[in-house]
Amino acid sequence: MGSLLVNSAPPSFWLSGHLQSLSSCVKWHRMESIANSLLDTYSDLLCHQCMILAMNSSFVDPLVQFESQLSIIESSFRKAFAIPSLEIVKKMGTNAEDSEELESVYMSIFNMYEDTLLILVSNDLYKLQILKEMTKWMNENNLYFQERVMVIISRVLSFASKKARGQTSVDAPCLGVLASELSLLCCHADSSIAQQASSGMYYLLSIAKCQHGDTDTLKRTKNDGSRMNDFLLSFDSQALPQTMNEYKTKIAQSVGQHLLPSLLTDFVWNLLKKLSSPDYTTACEAATMLRLTLESHAQKVTMVSKIVDAIYQQISGDFAHTMKHALLQVITLLTRTSPKKVIFQLMDYPLPADNTVILMWEAAGYESSVAPQVLNTILLILKGKPGEMEETLMDRRRFSLDATNMMPVAASQALCTFLPVGSYKKAVAQFFPQLLMALMLQLFYTSQLRVLPQDRPLFARDALRVLLNCSGLQEVDLALKKKNCWDQFSQVLFHNHGVYLIAKTLSEHNFPQFPETLHYLYKTSVEGPRRSEDSIITIIFLTELLNNFFKDPFPEEFLVLFRDWVNDSNPEVSKLSLQKIANMAPVINEIESACSLITSVLDAFLSKEKTVVIRALLTLRRLLGRLDKVTYSSLCTKIAASYCPLMDHNNGGIRSMAIRHFGELLRDMSQYTWMLNHVILGGLVPLILFLEDKEQRVVKACKYTLEICAGQLKWSTAYLLREENYNFELVVVNICNNLLTSNENNITDLISYTLGFMGSSRVYLRRGAIILIGYLAKLGEHFLLRDEMAVMFEVIDKLHWDEDPVTRELAEMAHNILKEIACKMTSSTIKQSFRRMFRFIYTKRLKLLYNWNRDIISSDSDKEIKSDKEDNDDDISTKE
């Protein structure tokens with residue numbers, strides 16, 4: 001009756017009709033007290049309806065309005081559905097007329113409650129949420145008349161489904177939770193309740209279809225049971241279990257098909273909560289419905305991470321949870337469609353993982369169809385470095401409050417669970433190289449951690465052993481155990497050697513995964529690792545594999561890698577690569593790209609790391625010792641030019657090596673002296689000046705190389721370099737006199753090189769440069785121009801204020817020498833040309849200009865800048 005009224009009469013008509021019914025109830029004073037309670041209930045519901053109508057016509061905030069109306073509706077619910085059943089009410093009448101009137105009032109109470117709901121829903125479908133609350137109220141007390149509640153809910157949903165047709169948008173966010181409640185009631189032991197729930201579910205899904213914008217939603221003219229069968233199976237309380245299962249399956253499929261993702265998520269959430277219900281029957285039904293829904297539509301569920309976390313909280317709070325198996329089954333089903341979300345959440349719990357997390361890992365591992373995605377996700381996590389801090393809290397997508405990224409450690413532990421799963425065997429074989437390298441990297445990162453206690457388990461090591469055993473490499477694991485490799489991995493300094501042992505042992509056992517491992521290493525090396533540590537481990541592992549499976553030289557594509565690694569930003573990588581290149585010296589002539597390989601070594605001379613430069617010098621010398629002369633000669637000029645900048649390096653060890661190797665180059669290329677004359681002259685200035693070096697190894701290297709130069713240029717200088725005859729100024733005079741007869745055209749260049757050393761921070765270089773510049777100027781006085789003299793004067797005059805008194809004295813002497821030369825110069829171009837011609841006819845050998853002896857004139861100033869002695873602990877010999 002109420003349903004018809006709401007469509008045909010205004011609220012005022014309802015009110016007048018109810019007042020007439022109220023007046024006819026005066027004669028109820030003859031009935032018992034329970035009959036009076038019906039009147040009180042009726043009166044209260046009437047007042048409540050008036051209040052709700054008044055709120056609908058007001059301008060109260062919608063949220064406040066709804067909360068107030070919900071409170072009134074709840075009060076009405078507890079009054080209306082707490083009254084006795086109709087049979088009991090009828091028995092209260094003394095005659096048939098009384099019973100009929102009591103029944104009329106009884107039905108009016110429920111009709112009024114229904115009418116109130118229809119009024120609310122007719123104005124706003126959002127208020128269907130009241131129905132969701134009614135299902136909760138209904139289950140609070142078994143005394144409530146549940147069948148009648150379901151009848152009203154079904155009727156209101158029927159009305160709402162008609163109202164929703166043709167609407168462009170339907171705001172009914174409660175449909176997910178309400179659907180979960182109805183789905184459980186559809187399987188109620190009372191067939192009448194189940195039938196009403198089934199009917200309500202039908203109308204609810206009709207509304208849900210409208211949310212998809214489907215305006216042709218189930219056009220029905222009558223709400224008969226036969227039409228219901230088009231969408232849901234009819235309920236039969238006597239049905240066999242197989243029929244019941246089909247019915248539940250149909251409900252789950254229909255819900256998953258028609259609810260929007262957000263609503264389906266609410267559906268799943270509410271069922272998940274039901275698993276903790278004290279009513280075991282309700283929990284079991286919820287578990288069944290949850291399983292059936294996720295089997296068909298898990299891909300539509302959102303907030304997967306939160307669901308996983310909620311399951312963790314439930315199980316960890318009660319490890320003996322009666323529905324633990326059902327909760328874990330949800331993990332399995334979610335992993336099937338959202339492996340990445342599930343795995344990321346499972347890696348974000350405290351370490352080491354507790355029994356709950358391990359159970360959840362096992363549950364995720366049951367879904368073998370997504371094994372590749374699971375392992376790929378774990379590999380993605382293993383790219384992280386344990387202990388790294390998140391950049392910003394906004395960037396974190398995890399639930400843990402700790403900004404420190406420890407997920408890679410958890411991922412290593414998780415692999416100990418996933419890898420042995422039989423259904424993962426194929427996926428493990430597919431990802432073997434990636435897992436192998438990722439775990440070796442994690443083993444290195446973990447060993448450096450200070451976050452975990454000292455006796456922490458090395459999950460990466462354990463996972464690595466599991467990987468070997470799951471991949472048919474049990475013998476490799478045993479061999480490494482005999483070598484005490486696994487026990488020593490906790491030591492940071494052992495790690496690089498441990499990587500070498502693993503590669504060597506794998507090679508010794510001819511592991512069948514070699515081709516794909518080599519391919520992966522090559523691919524990783526070409527693309528470039530994320531961290532410098534990755535490069536170190538990769539190059540160690542790759543080098544050892546190549547050493548065992550290939551004879552030198554390596555295939556060209558791998559040589560390219562080593563060539564590129566020479567100039568890596570990480571000095572350790574550079575040194576490892578240079579060391580391997582040096583080991584290939586015996587086969588250098590068999591390498592097609594020998595020239596480019598040597599060029600890459602020369603580029604390493606520019607490194608800012610002294611140990612890299614030293615290693616490059618040693619590597620180059622070793623290669624040149626085996627290089628064929630034709631190739632050597634084509635590169636000798638470039639190599640010699642690369643040595644020259646290193647002769648002035650601030651590291652004494654590098655200076656001495658560069659100078660000595662320069663001399664050895666000249667000795668090797670004695671047949672090609674004509675090619676190297678200009679290079680020799682380019683290196684002549686540092687060779688002379690560093691004779692005064694404070695480090696004896698540099699002095700010895702200079703004398704060694706100058707003797708070779710003297711021999712190549714046929715100079716009579718060698719005897720002056722011997723210790724008993726050595727005097728710096730005499731050596732300078734002798735070399736300049738030799739230049740006078742053979743290389744006087746290069747004097748201007750030599751002067752330019754020498755001026756560059758006058759700004760050096762080392763006192764002995766400034767002194768030597770002053771002495772040398774005087775002789776070079778005297779030697780080239782017929783060739784120098786006034787502009788060139790002006791430059792020399794400018795540089796020399798700055799040294800008049802040098803902190804070293806000996807340098808000031810030598811600068812004054814050099815200034816006088818230059819002044820004397822300048823006085824003889826002429827501005828006439830013709831006269832100057834005549835002097836140059838005359839110079840070719842008559843030459844005069846130089847004599848001592850300074851008469852300087854460092855042992856007699858002065859000791860080094862107390863303010864002399866200390867030479868760099870940091871070479872002394874390099875422990876790298878300059879001898880070949």
# chains A, B, ... in the order shown; residues from 1 in each chain; ligands from 1

$ residues_around --residues "Val301 of chain A" --least-positions-apart "4" --cutoff "8 Å" --atoms "only C-alpha atoms" --output "short mmCIF file (atom, residue, chain, number, x, y, z; two decimals) with N, CA, C and O atoms, in the first residue's frame"
data_model
loop_
_atom_site.label_atom_id
_atom_site.label_comp_id
_atom_site.auth_asym_id
_atom_site.auth_seq_id
_atom_site.Cartn_x
_atom_site.Cartn_y
_atom_site.Cartn_z
N PRO A 261 34.74 -1.06 -10.21
CA PRO A 261 35.90 -1.52 -9.44
C PRO A 261 35.90 -1.05 -7.99
O PRO A 261 36.21 -1.82 -7.08
N SER A 262 35.55 0.20 -7.76
CA SER A 262 35.55 0.70 -6.38
C SER A 262 34.50 0.00 -5.54
O SER A 262 34.73 -0.31 -4.36
N LEU A 264 33.23 -3.03 -6.19
CA LEU A 264 33.63 -4.43 -6.03
C LEU A 264 34.68 -4.55 -4.92
O LEU A 264 34.70 -5.53 -4.18
N THR A 265 35.53 -3.53 -4.82
CA THR A 265 36.52 -3.52 -3.74
C THR A 265 35.83 -3.44 -2.39
O THR A 265 36.21 -4.14 -1.43
N VAL A 268 34.51 -6.84 -1.58
CA VAL A 268 35.55 -7.74 -1.09
C VAL A 268 35.96 -7.36 0.33
O VAL A 268 36.14 -8.23 1.20
N HIS A 297 36.91 -12.24 -10.91
CA HIS A 297 37.03 -10.80 -11.13
C HIS A 297 38.06 -10.12 -10.23
O HIS A 297 37.93 -8.93 -9.92
#

$ residues_around --residues "His188 of chain A" --least-positions-apart "3" --cutoff "10 Å" --atoms "only C-alpha atoms" --output "number ranges by chain"
A: 182-185, 191-195, 197, 237, 281-282, 285

$ closest_residue --among "A:Gly652, A:Pro586, A:Gly663, A:Pro805" --to "Glu707 of chain A" --atoms "only C-alpha atoms"
A:Gly663

$ residues_around --residues "Asn496 of chain A" --least-positions-apart "2" --cutoff "10 Å" --atoms "only C-alpha atoms" --output "list in words"
Met440, Phe444, Phe489, Val492, Leu493, Phe494, Gly498, Val499, Tyr500, Leu501, Ile536, Ile537, Ile540 and Phe541 of chain A

$ write_last_selection --atoms "C-alpha atoms" --output "PDB file, in the first residue's frame"
ATOM      1  CA  MET A 440      75.699 -11.401  -5.505  1.00  0.00           C
ATOM      2  CA  PHE A 444      77.797  -7.227  -1.071  1.00  0.00           C
ATOM      3  CA  PHE A 489      80.893 -13.822   2.817  1.00  0.00           C
ATOM      4  CA  VAL A 492      83.344  -7.178   3.586  1.00  0.00           C
ATOM      5  CA  LEU A 493      86.900  -7.541   2.268  1.00  0.00           C
ATOM      6  CA  PHE A 494      86.214 -11.084   1.094  1.00  0.00           C
ATOM      7  CA  GLY A 498      84.031 -14.530  -3.243  1.00  0.00           C
ATOM      8  CA  VAL A 499      82.560 -13.384  -6.560  1.00  0.00           C
ATOM      9  CA  TYR A 500      85.712 -14.638  -8.254  1.00  0.00           C
ATOM     10  CA  LEU A 501      85.374 -18.030  -6.498  1.00  0.00           C
ATOM     11  CA  ILE A 536      83.016  -4.022 -10.106  1.00  0.00           C
ATOM     12  CA  ILE A 537      81.166  -7.264  -9.478  1.00  0.00           C
ATOM     13  CA  ILE A 540      85.120  -9.639 -11.892  1.00  0.00           C
ATOM     14  CA  PHE A 541      82.495 -12.242 -12.696  1.00  0.00           C
TER      15      PHE A 541
END

$ residues_around --residues "Thr337 of chain A" --least-positions-apart "5" --cutoff "12 Å" --atoms "only C-alpha atoms" --output "ChimeraX atom specification"
/A:294-302,304,330-332,342-343,364,367-371,373-374

$ closest_residue --among "A:Phe418, A:Phe319, A:Phe605, A:Phe728" --to "Asn567 of chain A" --atoms "only C-alpha atoms"
A:Phe605

$ atom_distance --atom1 "atom CA of Ser206 of chain A" --atom2 "atom CA of Ser161 of chain A"
6.0 Å

$ atom_distance --atom1 "atom CA of Tyr520 of chain A" --atom2 "atom CA of Glu557 of chain A"
13.6 Å

$ closest_residue --among "A:His509, A:Arg461, A:Lys482, A:Lys700" --to "Phe549 of chain A" --atoms "only C-alpha atoms"
A:His509

$ residues_around --residues "Asn270 of chain A" --least-positions-apart "6" --cutoff "12 Å" --atoms "only C-alpha atoms" --output "MDAnalysis selection string"
chainID A and resid 132 136 174:184 263:264 276:277 283 286:287 289:290 307 310

$ write_last_selection --atoms "N, CA and C atoms" --output "PDB file, in the first residue's frame"
ATOM      1  N   LYS A 132      22.092  -0.370   3.846  1.00  0.00           N
ATOM      2  CA  LYS A 132      23.324  -1.039   4.290  1.00  0.00           C
ATOM      3  C   LYS A 132      23.364  -1.091   5.813  1.00  0.00           C
ATOM      4  N   LYS A 136      23.043  -4.356   9.045  1.00  0.00           N
ATOM      5  CA  LYS A 136      23.866  -4.478  10.247  1.00  0.00           C
ATOM      6  C   LYS A 136      22.981  -4.509  11.497  1.00  0.00           C
ATOM      7  N   CYS A 174      27.088   2.909  -1.676  1.00  0.00           N
ATOM      8  CA  CYS A 174      26.903   1.833  -0.708  1.00  0.00           C
ATOM      9  C   CYS A 174      26.669   0.480  -1.363  1.00  0.00           C
ATOM     10  N   LEU A 175      26.561   0.423  -2.685  1.00  0.00           N
ATOM     11  CA  LEU A 175      26.139  -0.807  -3.351  1.00  0.00           C
ATOM     12  C   LEU A 175      27.098  -1.967  -3.100  1.00  0.00           C
ATOM     13  N   GLY A 176      28.397  -1.684  -2.976  1.00  0.00           N
ATOM     14  CA  GLY A 176      29.362  -2.750  -2.764  1.00  0.00           C
ATOM     15  C   GLY A 176      29.151  -3.457  -1.443  1.00  0.00           C
ATOM     16  N   VAL A 177      29.064  -2.668  -0.366  1.00  0.00           N
ATOM     17  CA  VAL A 177      28.866  -3.258   0.962  1.00  0.00           C
ATOM     18  C   VAL A 177      27.504  -3.921   1.053  1.00  0.00           C
ATOM     19  N   LEU A 178      26.473  -3.244   0.525  1.00  0.00           N
ATOM     20  CA  LEU A 178      25.130  -3.815   0.571  1.00  0.00           C
ATOM     21  C   LEU A 178      25.062  -5.119  -0.216  1.00  0.00           C
ATOM     22  N   ALA A 179      25.765  -5.174  -1.344  1.00  0.00           N
ATOM     23  CA  ALA A 179      25.783  -6.404  -2.136  1.00  0.00           C
ATOM     24  C   ALA A 179      26.427  -7.543  -1.359  1.00  0.00           C
ATOM     25  N   SER A 180      27.479  -7.241  -0.578  1.00  0.00           N
ATOM     26  CA  SER A 180      28.136  -8.297   0.203  1.00  0.00           C
ATOM     27  C   SER A 180      27.192  -8.839   1.274  1.00  0.00           C
ATOM     28  N   GLU A 181      26.412  -7.936   1.891  1.00  0.00           N
ATOM     29  CA  GLU A 181      25.466  -8.382   2.909  1.00  0.00           C
ATOM     30  C   GLU A 181      24.360  -9.225   2.285  1.00  0.00           C
ATOM     31  N   LEU A 182      23.864  -8.793   1.149  1.00  0.00           N
ATOM     32  CA  LEU A 182      22.791  -9.537   0.486  1.00  0.00           C
ATOM     33  C   LEU A 182      23.281 -10.885  -0.029  1.00  0.00           C
ATOM     34  N   SER A 183      24.541 -10.910  -0.506  1.00  0.00           N
ATOM     35  CA  SER A 183      25.064 -12.173  -1.032  1.00  0.00           C
ATOM     36  C   SER A 183      25.102 -13.253   0.045  1.00  0.00           C
ATOM     37  N   LEU A 184      25.378 -12.844   1.281  1.00  0.00           N
ATOM     38  CA  LEU A 184      25.375 -13.815   2.381  1.00  0.00           C
ATOM     39  C   LEU A 184      23.955 -14.213   2.760  1.00  0.00           C
ATOM     40  N   LEU A 263      33.342  -0.262  -6.128  1.00  0.00           N
ATOM     41  CA  LEU A 263      32.276  -0.941  -5.398  1.00  0.00           C
ATOM     42  C   LEU A 263      32.600  -2.414  -5.191  1.00  0.00           C
ATOM     43  N   LEU A 264      33.230  -3.028  -6.195  1.00  0.00           N
ATOM     44  CA  LEU A 264      33.634  -4.425  -6.032  1.00  0.00           C
ATOM     45  C   LEU A 264      34.678  -4.545  -4.924  1.00  0.00           C
ATOM     46  N   SER A 276      36.271 -12.763  10.132  1.00  0.00           N
ATOM     47  CA  SER A 276      36.565 -12.727  11.567  1.00  0.00           C
ATOM     48  C   SER A 276      35.298 -12.755  12.406  1.00  0.00           C
ATOM     49  N   SER A 277      34.173 -13.033  11.774  1.00  0.00           N
ATOM     50  CA  SER A 277      32.898 -13.078  12.486  1.00  0.00           C
ATOM     51  C   SER A 277      32.887 -14.233  13.488  1.00  0.00           C
ATOM     52  N   ALA A 283      31.137 -16.776   8.577  1.00  0.00           N
ATOM     53  CA  ALA A 283      32.523 -16.674   8.117  1.00  0.00           C
ATOM     54  C   ALA A 283      32.774 -17.613   6.941  1.00  0.00           C
ATOM     55  N   ALA A 286      31.088 -16.265   3.844  1.00  0.00           N
ATOM     56  CA  ALA A 286      31.856 -15.121   3.333  1.00  0.00           C
ATOM     57  C   ALA A 286      33.102 -15.592   2.605  1.00  0.00           C
ATOM     58  N   ALA A 287      33.762 -16.611   3.158  1.00  0.00           N
ATOM     59  CA  ALA A 287      34.969 -17.147   2.528  1.00  0.00           C
ATOM     60  C   ALA A 287      34.648 -17.721   1.155  1.00  0.00           C
ATOM     61  N   MET A 289      32.053 -16.985  -0.829  1.00  0.00           N
ATOM     62  CA  MET A 289      31.693 -15.916  -1.761  1.00  0.00           C
ATOM     63  C   MET A 289      32.924 -15.114  -2.180  1.00  0.00           C
ATOM     64  N   LEU A 290      33.831 -14.901  -1.243  1.00  0.00           N
ATOM     65  CA  LEU A 290      35.063 -14.166  -1.534  1.00  0.00           C
ATOM     66  C   LEU A 290      35.908 -14.926  -2.557  1.00  0.00           C
ATOM     67  N   ILE A 307      44.473  -4.476   1.157  1.00  0.00           N
ATOM     68  CA  ILE A 307      43.816  -5.750   1.457  1.00  0.00           C
ATOM     69  C   ILE A 307      44.849  -6.744   1.987  1.00  0.00           C
ATOM     70  N   ALA A 310      45.702  -5.836   5.462  1.00  0.00           N
ATOM     71  CA  ALA A 310      44.618  -6.183   6.386  1.00  0.00           C
ATOM     72  C   ALA A 310      44.659  -7.674   6.723  1.00  0.00           C
TER      73      ALA A 310
END

$ atom_distance --atom1 "atom CA of Leu772 of chain A" --atom2 "atom CA of His800 of chain A"
16.8 Å

$ select_by_dssp --residues "segment 549-755 of chain A" --states "helix (DSSP H, G or I)" --output "compact mmCIF listing (two decimals) with C-alpha atoms, in the first residue's frame"
# COMPACT_ATOMS: atom_id res chain seq x y z
CA PHE A 549 85.64 -20.49 -21.46
CA GLU A 556 86.01 -8.51 -30.06
CA GLU A 557 82.64 -7.56 -28.55
CA PHE A 558 83.97 -8.27 -25.06
CA LEU A 559 87.20 -6.41 -25.70
CA VAL A 560 85.07 -3.38 -26.47
CA LEU A 561 83.61 -3.63 -22.97
CA PHE A 562 87.03 -3.72 -21.32
CA ARG A 563 88.16 -0.84 -23.48
CA ASP A 564 85.17 1.24 -22.36
CA TRP A 565 85.63 0.27 -18.72
CA PRO A 571 88.64 3.96 -10.33
CA GLU A 572 88.30 0.36 -9.17
CA VAL A 573 86.56 -0.57 -12.40
CA SER A 574 89.25 1.20 -14.41
CA LYS A 575 92.03 -0.66 -12.61
CA LEU A 576 90.34 -4.03 -13.00
CA SER A 577 89.93 -3.44 -16.71
CA LEU A 578 93.51 -2.23 -17.12
CA GLN A 579 94.74 -5.29 -15.26
CA LYS A 580 92.88 -7.59 -17.64
CA ILE A 581 94.16 -5.69 -20.67
CA ALA A 582 97.70 -6.01 -19.32
CA ASN A 583 97.23 -9.76 -19.03
CA ALA A 585 99.92 -8.52 -23.64
CA PRO A 586 101.15 -11.91 -24.97
CA VAL A 587 98.39 -11.89 -27.61
CA ILE A 588 98.24 -8.16 -28.31
CA ASN A 589 99.33 -8.67 -31.91
CA GLU A 590 96.38 -11.01 -32.50
CA ALA A 594 94.97 -3.25 -30.75
CA CYS A 595 95.35 0.42 -31.67
CA SER A 596 92.03 1.42 -30.14
CA LEU A 597 92.82 -0.65 -27.05
CA ILE A 598 96.12 1.19 -26.56
CA THR A 599 94.40 4.51 -27.20
CA SER A 600 91.91 3.78 -24.41
CA VAL A 601 94.84 3.13 -22.07
CA LEU A 602 96.35 6.47 -23.05
CA ASP A 603 93.04 8.14 -22.19
CA ALA A 604 93.38 6.75 -18.66
CA PHE A 605 96.46 8.99 -18.23
CA LEU A 606 93.99 11.85 -17.75
CA LYS A 610 96.69 8.50 -9.21
CA THR A 611 96.37 4.71 -8.85
CA VAL A 612 94.53 4.53 -12.17
CA VAL A 613 97.27 6.53 -13.89
CA ILE A 614 99.98 4.29 -12.42
CA ARG A 615 98.09 1.17 -13.49
CA ALA A 616 97.66 2.64 -16.98
CA LEU A 617 101.41 3.36 -17.24
CA LEU A 618 102.27 -0.20 -16.23
CA THR A 619 99.66 -1.67 -18.57
CA LEU A 620 100.85 0.36 -21.53
CA ARG A 621 104.47 -0.56 -20.93
CA ARG A 622 103.56 -4.22 -20.77
CA LEU A 623 101.61 -4.02 -24.03
CA LEU A 624 104.36 -2.10 -25.83
CA LYS A 629 107.13 -2.66 -34.49
CA VAL A 630 104.92 -1.61 -37.36
CA THR A 631 101.94 -0.92 -35.14
CA TYR A 632 104.23 0.50 -32.47
CA SER A 633 105.76 2.98 -34.89
CA SER A 634 102.33 4.18 -36.00
CA LEU A 635 101.48 5.01 -32.40
CA CYS A 636 104.83 6.09 -30.99
CA THR A 637 104.37 9.81 -31.58
CA LYS A 638 100.97 9.82 -29.86
CA ILE A 639 102.26 7.74 -26.98
CA ALA A 640 105.34 9.94 -26.47
CA ALA A 641 103.14 13.05 -26.46
CA SER A 642 100.93 11.43 -23.78
CA TYR A 643 103.95 10.92 -21.52
CA CYS A 644 104.98 14.58 -21.56
CA PRO A 645 102.11 16.00 -19.39
CA LEU A 646 102.73 13.26 -16.81
CA GLY A 652 106.39 11.67 -7.69
CA GLY A 653 105.72 8.04 -8.59
CA ILE A 654 103.84 9.04 -11.74
CA ARG A 655 106.53 11.57 -12.68
CA SER A 656 109.32 9.03 -12.40
CA MET A 657 107.38 6.35 -14.31
CA ALA A 658 106.35 8.72 -17.10
CA ILE A 659 109.94 9.95 -17.52
CA ARG A 660 111.42 6.46 -17.46
CA HIS A 661 108.81 5.05 -19.86
CA PHE A 662 109.42 7.97 -22.18
CA GLY A 663 113.07 6.96 -22.31
CA GLU A 664 112.17 3.33 -22.94
CA LEU A 665 109.93 4.42 -25.78
CA LEU A 666 112.85 6.27 -27.36
CA ARG A 667 115.04 3.22 -26.93
CA ASP A 668 112.40 0.95 -28.50
CA SER A 670 115.72 3.92 -32.01
CA GLN A 671 115.24 3.12 -35.71
CA TYR A 672 112.59 5.84 -35.99
CA THR A 673 114.43 8.69 -34.27
CA TRP A 674 113.60 11.08 -37.10
CA MET A 675 109.92 10.63 -36.23
CA LEU A 676 110.45 11.50 -32.59
CA ASN A 677 112.87 14.43 -32.72
CA HIS A 678 110.20 17.06 -32.13
CA VAL A 679 108.66 14.95 -29.35
CA ILE A 680 112.06 14.59 -27.68
CA LEU A 681 112.51 18.35 -27.74
CA GLY A 682 109.00 18.75 -26.30
CA GLY A 683 109.95 16.60 -23.33
CA LEU A 684 113.43 18.05 -22.99
CA VAL A 685 112.48 20.92 -20.66
CA PRO A 686 110.90 18.75 -17.89
CA LEU A 687 113.72 16.21 -18.29
CA ILE A 688 116.21 18.95 -17.51
CA LEU A 689 114.30 20.70 -14.76
CA PHE A 690 113.34 17.55 -12.84
CA LEU A 691 117.03 16.69 -12.49
CA GLU A 692 116.69 18.92 -9.42
CA GLN A 696 115.76 10.46 -6.06
CA ARG A 697 113.61 8.12 -8.15
CA VAL A 698 112.57 11.06 -10.32
CA VAL A 699 116.19 12.25 -10.64
CA LYS A 700 117.34 8.76 -11.61
CA ALA A 701 114.53 8.49 -14.17
CA CYS A 702 115.56 11.85 -15.70
CA LYS A 703 119.22 10.83 -15.97
CA TYR A 704 118.18 7.48 -17.45
CA THR A 705 116.01 9.10 -20.13
CA LEU A 706 118.46 11.93 -20.88
CA GLU A 707 121.19 9.39 -21.54
CA ILE A 708 118.89 7.70 -24.07
CA CYS A 709 118.08 11.08 -25.65
CA ALA A 710 121.75 11.96 -25.83
CA GLY A 711 122.45 8.68 -27.56
CA GLN A 712 119.60 9.15 -30.05
CA LEU A 713 120.59 12.76 -30.84
CA ALA A 718 125.96 11.27 -20.85
CA TYR A 719 129.21 11.66 -18.87
CA LEU A 720 127.88 14.80 -17.11
CA LEU A 721 124.88 12.85 -15.76
CA PHE A 728 123.05 21.08 -12.98
CA GLU A 729 124.33 24.22 -14.70
CA LEU A 730 127.01 22.26 -16.59
CA VAL A 731 124.35 19.86 -17.85
CA VAL A 732 122.22 22.81 -19.03
CA VAL A 733 125.19 24.46 -20.78
CA ASN A 734 126.12 21.19 -22.48
CA ILE A 735 122.58 20.53 -23.74
CA CYS A 736 122.19 24.10 -25.00
CA ASN A 737 125.49 23.89 -26.86
CA ASN A 738 124.28 20.68 -28.51
CA LEU A 739 121.04 22.44 -29.46
CA LEU A 740 123.10 25.20 -31.03
CA THR A 741 124.43 22.87 -33.69
CA SER A 742 121.40 20.69 -34.32
CA GLU A 744 118.38 25.89 -32.97
CA ASN A 745 115.10 26.41 -34.82
CA ASN A 746 113.27 24.97 -31.78
CA ILE A 747 114.81 27.38 -29.28
CA THR A 748 111.76 29.66 -29.25
CA ASP A 749 109.50 26.72 -28.37
CA LEU A 750 111.87 25.60 -25.63
CA ILE A 751 111.80 29.10 -24.15
CA SER A 752 108.01 29.02 -24.14
CA TYR A 753 107.94 25.61 -22.36
CA THR A 754 110.44 26.87 -19.77
CA LEU A 755 108.48 30.03 -18.97

$ residues_around --residues "segment 349-359 of chain A" --least-positions-apart "5" --cutoff "12 Å" --atoms "only C-alpha atoms" --output "VMD selection string"
chain A and resid 308 to 309 311 to 321 324 to 325 327 to 329 331 to 332 342 to 344 364 to 366 386 398 to 402 404 to 418 451 to 453 456 to 459

$ closest_residue --among "A:Glu723, A:Asp693, A:Glu803, A:Asp190" --to "Gly768 of chain A" --atoms "only C-alpha atoms"
A:Asp693
